[in-house]
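All remarks here apply to the structure that follows.
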Amino acid sequence: MPKTPWSHMRLTRLAGPLPAWQGLVDHAGWRAACARCQADGGRLVSLWGTDARHAAQGFLIHALLAWTDRLIWLTTRAGDASPHYPDVSDIFPATAREQRATADLLGLTCGSADARPWLRHDAWSAADFPLREDFTTATAADAKPYPFLRVAGDGVHEIPVGPIHAGIIEPGHFHFSVVGDDVLRLEAHLGYAHKGVEKAFGSLSLADGSRLAGRICGDSTVAYTLAYVMAVEALDGYTVPPRAQALRALLLERERIANHLGDIGALCGDGGLAFGQAQFGLLKEHWLQTHQKLFGHRYLMDTITVGGMACDLSEADGVAMTAQCRELAGALRALEEIVNDHAGLQERFLGTGTLTAEQVERYNGVGLIARAAGVGRDMRLEFPHAPYADLPVQDTRRPEGDVAARVALRFAEMHASLELVRHLLAALPDGPLASHCATTRHTRALGGAEGWRGEIFVAIERHAADGSHRVHVHDPSWQNWPLLELAATDGLIPDFPLINKSFNLAYSGHDL
């Protein structure tokens with residue numbers, strides 16, 4: 001039999017529903033594995049570091065690779081006194097910002113050409129590292145302007161937008177270099193709302209951590225909670241009952257629909273169709289009111305727990321939800337026809353903020369943004385976990401890569417999710433909602449879910465000596481923010497609000 005691409009590495013299987021493996025390599029192996037993964041069409045999903053000095057391992061650097069048909073959690077040692085590891089941003093460009101964040105949080109350096117701070121924002125000094133075990137209190141730092149990359153030339157002006165915006169959104173700075181209305185370069189600077197989430201997980205029990213996971217990013221509470229509890233359940237050997245698995249998928253699809261409704265409404269508003277904005281807002285409100293009525297929370301917080309579910313559906317509730325899905329499908333068909341026939345909207349949408357499949361592949365773009373440029377990235381199809389392996393998940397994608405494609409894909413995904421919800425309700429298994437019987441205790445585990453923006457991963461390490469744990473959370477926006485910059489380049493300043501809303505990336509999920 002031919003050797004697998006990773007046959008030169010010593011890998012061990014990680015417990016849990018995902019096809020995940022782990023391996024420890026030296027610095028040469030770290031670079032070689034990343035290069036081989038990229039050559040095989042794989043991608044680097046996430047990069048992070050840990051302080052393992054208490055276990056006499058110094059500092060560790062980790063990468064989660066999506067490599068052909070499996071996920072590989074790769075680790076290399078960064079040392080102790082002057083911790084460093086090999087730069088891989090030349091192989092995976094989107095990783096540069098995660099490397100910079102790791103330098104801010106842990107002081108691990110990699111010799112990258114871009115060594116600017118990313119998360120620190122002078123909130124702590126360059127000598128403080130909040131994720132180190134011996135960190136106590138940050139010392140004062142001198143405020144310095146962020147060194148944006150400059151564009152020189154005749155007629156070039158700079159337009160700063162943010163970090164405080166004119167709406168109720170989290171802070172982010174967009175730095176435009178323009179000639180007239182033409183955008184020559186856009187560079188985003190994020191991390192203003194760094195919350196210390198990963199540090200906070202360490203002060204909570206694994207069970208209580210699910211509540212924090214669900215509050216990382218309020219529009220993705222189901223996806224974050226599901227990814228987190230999957231990791232905990234794998235860590236401790238839970239067997240989640242089929243009914244709970246089905247209800248989790250149902251909520252995940254309803255969360256996807258709710259956000260797509262809001263996004264299309266916002267795009268209609270920015271494009272000048274106030275009627276569309278009002279109609280989609282009304283549909284979303286009715287959808288969220290159903291969440292409140294049936295599950296106790298508009299955004300479905302605390303519905304998923306370690307081991308199962310905290311709430312159930314009655315047979316009558318299932319019938320009512322099926323009817324609501326049917327009504328929404330009809331309303332969407334009518335509104336989609338209006339949007340597609342509206343000349344003003346289509347003139348704004350078509351050809352605006354275009355991404356190519358090559359750009360998506362180079363920057364490892366994921367989720368809806370990748371699928372709208374023809375790249376099929378969807379965990380429900382790539383790495384399906386229960387019950388998705390048995391569900392008719394559609395491969396929805398568009399080749400055009402512009403705002404119009406991202407709008408059209410949202411419509412397609414809502415119809416597909418409505419079908420999944422109806423399918424889940426029609427075949428909802430009987431049985432218990434939760435399992436409280438943990439059978440094993442592992443030291444590492446991985447959980448993941450396809451949120452409405454894309455794949456969300458949670459990695460947990462538990463220290464055998466004292467039972468303490470370290471949680472790393474990854475949002476798809478880490479990969480997709482650089483793609484927003486590319487989509488806006490060579491466009492017009494007035495088109496940026498449309499482009500930005502068609503991406504609708506997370507500040508909160510990024511600023512952990």
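Chain labels run A, B, ... following the order of the structure tokens; each chain numbers its residues from 1, and ligands are numbered from 1 in the order shown.
DSSP annotation of range 227-389 of chain A from backbone atoms: strand (DSSP E) residues are Ile304, Thr305, Gly308 and Met309 of chain A.
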Using only C-alpha atoms, what table do you get, as CSV, when you list each residue of range 356-475 of chain A with an atom no more than 9 Å from range 69-77 of chain A, its nearest pair of atoms, and their distance in Å rounded to one decimal, rows by chain then rising number?
residue,atom,partner,partner_atom,distance
A:Glu382,CA,A:Asp69,CA,7.4
A:Phe383,CA,A:Arg70,CA,7.5
A:Leu446,CA,A:Trp73,CA,8.7
Show which residues sit within 9 Å of Asp114 in chain A, as a compact mmCIF listing (two decimals) with C-alpha atoms, in the first residue's frame. Count only C-alpha atoms, and ignore same-chain residues fewer than 3 positions away.
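Contents of out_36.txt, freshly written:
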# COMPACT_ATOMS: atom_id res chain seq x y z
CA ALA A 96 1.27 35.55 10.63
CA ARG A 97 -1.28 37.19 12.93
CA ARG A 100 2.12 37.74 16.47
CA GLY A 111 11.76 35.26 13.51
CA PRO A 117 2.32 43.59 18.27
For Asp128 in chain A, find every residue with an atom within 12 Å (counting only C-alpha atoms), except residues of its own chain fewer than 5 positions away, and show them as a list in words.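 Near neighbours after the sequence-gap exclusion: Ala103, Asp104, Leu105, Leu106, Gly107, Leu108, Arg120, Asp122, Ala123, Glu133, Asp134, Phe135, Thr136, Thr137, Ala138, Thr139, Ala140 and Ala141 of chain A.
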What are the closest atom pairs, with distances in Å to one decimal, for all residues of range 334-369 of chain A lying within 10 Å of range 501-512 of chain A? Consider only C-alpha atoms, order rows by chain and residue number, and present the result as a tab-separated table.
residue	atom	partner	partner_atom	distance
A:Phe349	CA	A:Ser502	CA	9.5
A:Gly353	CA	A:Ser502	CA	8.9
A:Leu368	CA	A:Phe503	CA	8.4
A:Ile369	CA	A:Phe503	CA	6.7
Give me the residues within 7 Å of range 424-431 of chain A as a list in words, counting only C-alpha atoms and dropping any in the same chain fewer than 2 places off.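 Surrounding residues, per the criterion: Pro242, Arg243, Ala246, Leu250, Gly318, Leu420, Val421, Arg422 and Leu433 of chain A.
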Any idea what's packed within 9 Å of Gln38 in chain A, counting only C-alpha atoms, ignoring anything in its chain fewer than 5 positions away? Could you give it as an NGL selection string? :A and (33 or 43-44 or 67 or 91-92)
Would you export the selected residues with C-alpha atoms as a PDB file, in the first residue's frame, please?
ATOM      1  CA  ALA A  33       5.136  18.909   8.149  1.00  0.00           C
ATOM      2  CA  ARG A  43      -4.237  23.952   5.515  1.00  0.00           C
ATOM      3  CA  LEU A  44      -3.237  25.269   8.906  1.00  0.00           C
ATOM      4  CA  TRP A  67      -4.528  17.358   6.167  1.00  0.00           C
ATOM      5  CA  ILE A  91       3.868  28.590   3.964  1.00  0.00           C
ATOM      6  CA  PHE A  92       0.531  29.697   5.444  1.00  0.00           C
TER       7      PHE A  92
END
Which residues in range 95-247 of chain A does DSSP call helix (DSSP H, G or I)? List them as a PyMOL selection string. chain A and resi 95-106+197-201+209-213+218-236+242-247
For those residues, write C-alpha atoms to a file as a short mmCIF file (atom, residue, chain, number, x, y, z; two decimals), in the first residue's frame.
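File produced: selection32.cif:
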data_model
loop_
_atom_site.label_atom_id
_atom_site.label_comp_id
_atom_site.auth_asym_id
_atom_site.auth_seq_id
_atom_site.Cartn_x
_atom_site.Cartn_y
_atom_site.Cartn_z
CA THR A 95 -0.82 32.37 10.27
CA ALA A 96 1.27 35.55 10.63
CA ARG A 97 -1.28 37.19 12.93
CA GLU A 98 -1.61 34.11 15.14
CA GLN A 99 2.17 34.06 15.48
CA ARG A 100 2.12 37.74 16.47
CA ALA A 101 -0.66 37.06 19.00
CA THR A 102 1.37 34.20 20.46
CA ALA A 103 4.32 36.56 20.88
CA ASP A 104 2.10 39.08 22.71
CA LEU A 105 0.52 36.50 25.01
CA LEU A 106 3.43 34.16 25.73
CA VAL A 197 -11.02 34.29 27.73
CA GLU A 198 -8.40 31.56 27.51
CA LYS A 199 -6.99 32.58 30.90
CA ALA A 200 -10.50 32.61 32.37
CA PHE A 201 -11.18 29.02 31.30
CA GLY A 209 -16.59 26.25 31.01
CA SER A 210 -19.50 25.57 28.66
CA ARG A 211 -21.23 28.72 29.93
CA LEU A 212 -18.15 30.82 29.14
CA ALA A 213 -17.78 29.19 25.72
CA GLY A 218 -23.08 35.95 21.14
CA ASP A 219 -24.19 35.30 17.55
CA SER A 220 -22.40 31.91 17.58
CA THR A 221 -23.22 30.64 21.05
CA VAL A 222 -24.41 27.23 19.82
CA ALA A 223 -21.34 26.61 17.65
CA TYR A 224 -18.91 27.67 20.38
CA THR A 225 -20.66 25.68 23.09
CA LEU A 226 -20.92 22.61 20.89
CA ALA A 227 -17.22 22.70 19.97
CA TYR A 228 -16.31 23.11 23.64
CA VAL A 229 -18.51 20.34 25.04
CA MET A 230 -17.36 17.98 22.28
CA ALA A 231 -13.78 18.48 23.49
CA VAL A 232 -14.73 17.95 27.15
CA GLU A 233 -16.78 14.86 26.31
CA ALA A 234 -13.86 13.41 24.36
CA LEU A 235 -11.53 14.22 27.25
CA ASP A 236 -13.63 12.29 29.76
CA PRO A 242 -28.73 10.25 20.00
CA ARG A 243 -31.62 12.55 20.95
CA ALA A 244 -29.20 15.10 22.39
CA GLN A 245 -27.00 14.86 19.28
CA ALA A 246 -30.00 15.54 17.04
CA LEU A 247 -31.20 18.49 19.14
#
Leaving out Gln479 in chain A and any residue of its chain fewer than 3 positions from it, which residues lie within 6 Å of it when counting only C-alpha atoms, given as a PDB file with N, CA and C atoms, in the first residue's frame?
ATOM      1  N   ALA A  94      -1.850  33.410   6.397  1.00  0.00           N
ATOM      2  CA  ALA A  94      -2.813  33.872   7.400  1.00  0.00           C
ATOM      3  C   ALA A  94      -2.342  33.590   8.815  1.00  0.00           C
ATOM      4  N   GLY A 365      -8.901  30.372   3.641  1.00  0.00           N
ATOM      5  CA  GLY A 365     -10.235  30.860   3.968  1.00  0.00           C
ATOM      6  C   GLY A 365     -11.199  29.718   4.217  1.00  0.00           C
ATOM      7  N   PRO A 476     -13.239  31.166  13.004  1.00  0.00           N
ATOM      8  CA  PRO A 476     -12.878  31.202  11.572  1.00  0.00           C
ATOM      9  C   PRO A 476     -12.456  32.575  11.077  1.00  0.00           C
TER      10      PRO A 476
END
Could the residues of range 93-149 of chain A that have an atom at most 6 Å from range 78-88 of chain A be listed as a tab-separated table, each with its closest atom pair and the distance in Å to one decimal, counting only C-alpha atoms and ordered by chain and ascending residue number?
residue	atom	partner	partner_atom	distance
A:Leu108	CA	A:Pro83	CA	5.2
A:Thr109	CA	A:His84	CA	4.7
A:Cys110	CA	A:Asp87	CA	4.9
A:Ser112	CA	A:Asp87	CA	5.7
Just write the chosen residues, N, CA and C atoms, as a compact mmCIF listing (two decimals), in the first residue's frame.
# COMPACT_ATOMS: atom_id res chain seq x y z
N LEU A 108 6.64 33.96 22.81
CA LEU A 108 7.28 32.99 21.92
C LEU A 108 7.52 33.65 20.57
N THR A 109 8.75 33.66 20.11
CA THR A 109 9.10 34.33 18.86
C THR A 109 9.44 33.30 17.79
N CYS A 110 9.32 33.74 16.55
CA CYS A 110 9.58 32.81 15.44
C CYS A 110 10.45 33.42 14.34
N SER A 112 9.71 35.91 12.39
CA SER A 112 8.93 36.38 11.25
C SER A 112 9.32 37.81 10.89
Counting only C-alpha atoms, figure out which residue out of A:Asp490, A:Asp182, A:Asp90, A:Asp378 gets nearest to Gly448 in chain A.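 Nearest candidate to Gly448 in chain A out of A:Asp490, A:Asp182, A:Asp90, A:Asp378: A:Asp378.
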Counting only C-alpha atoms, closest pick from A:Ala331, A:Ala266, A:Ala434, A:Ala445 relative to His469 in chain A is A:Ala445
note - CA of Glu337 in chain A and CA of Gly374 in chain A are separated by 22.9 Å
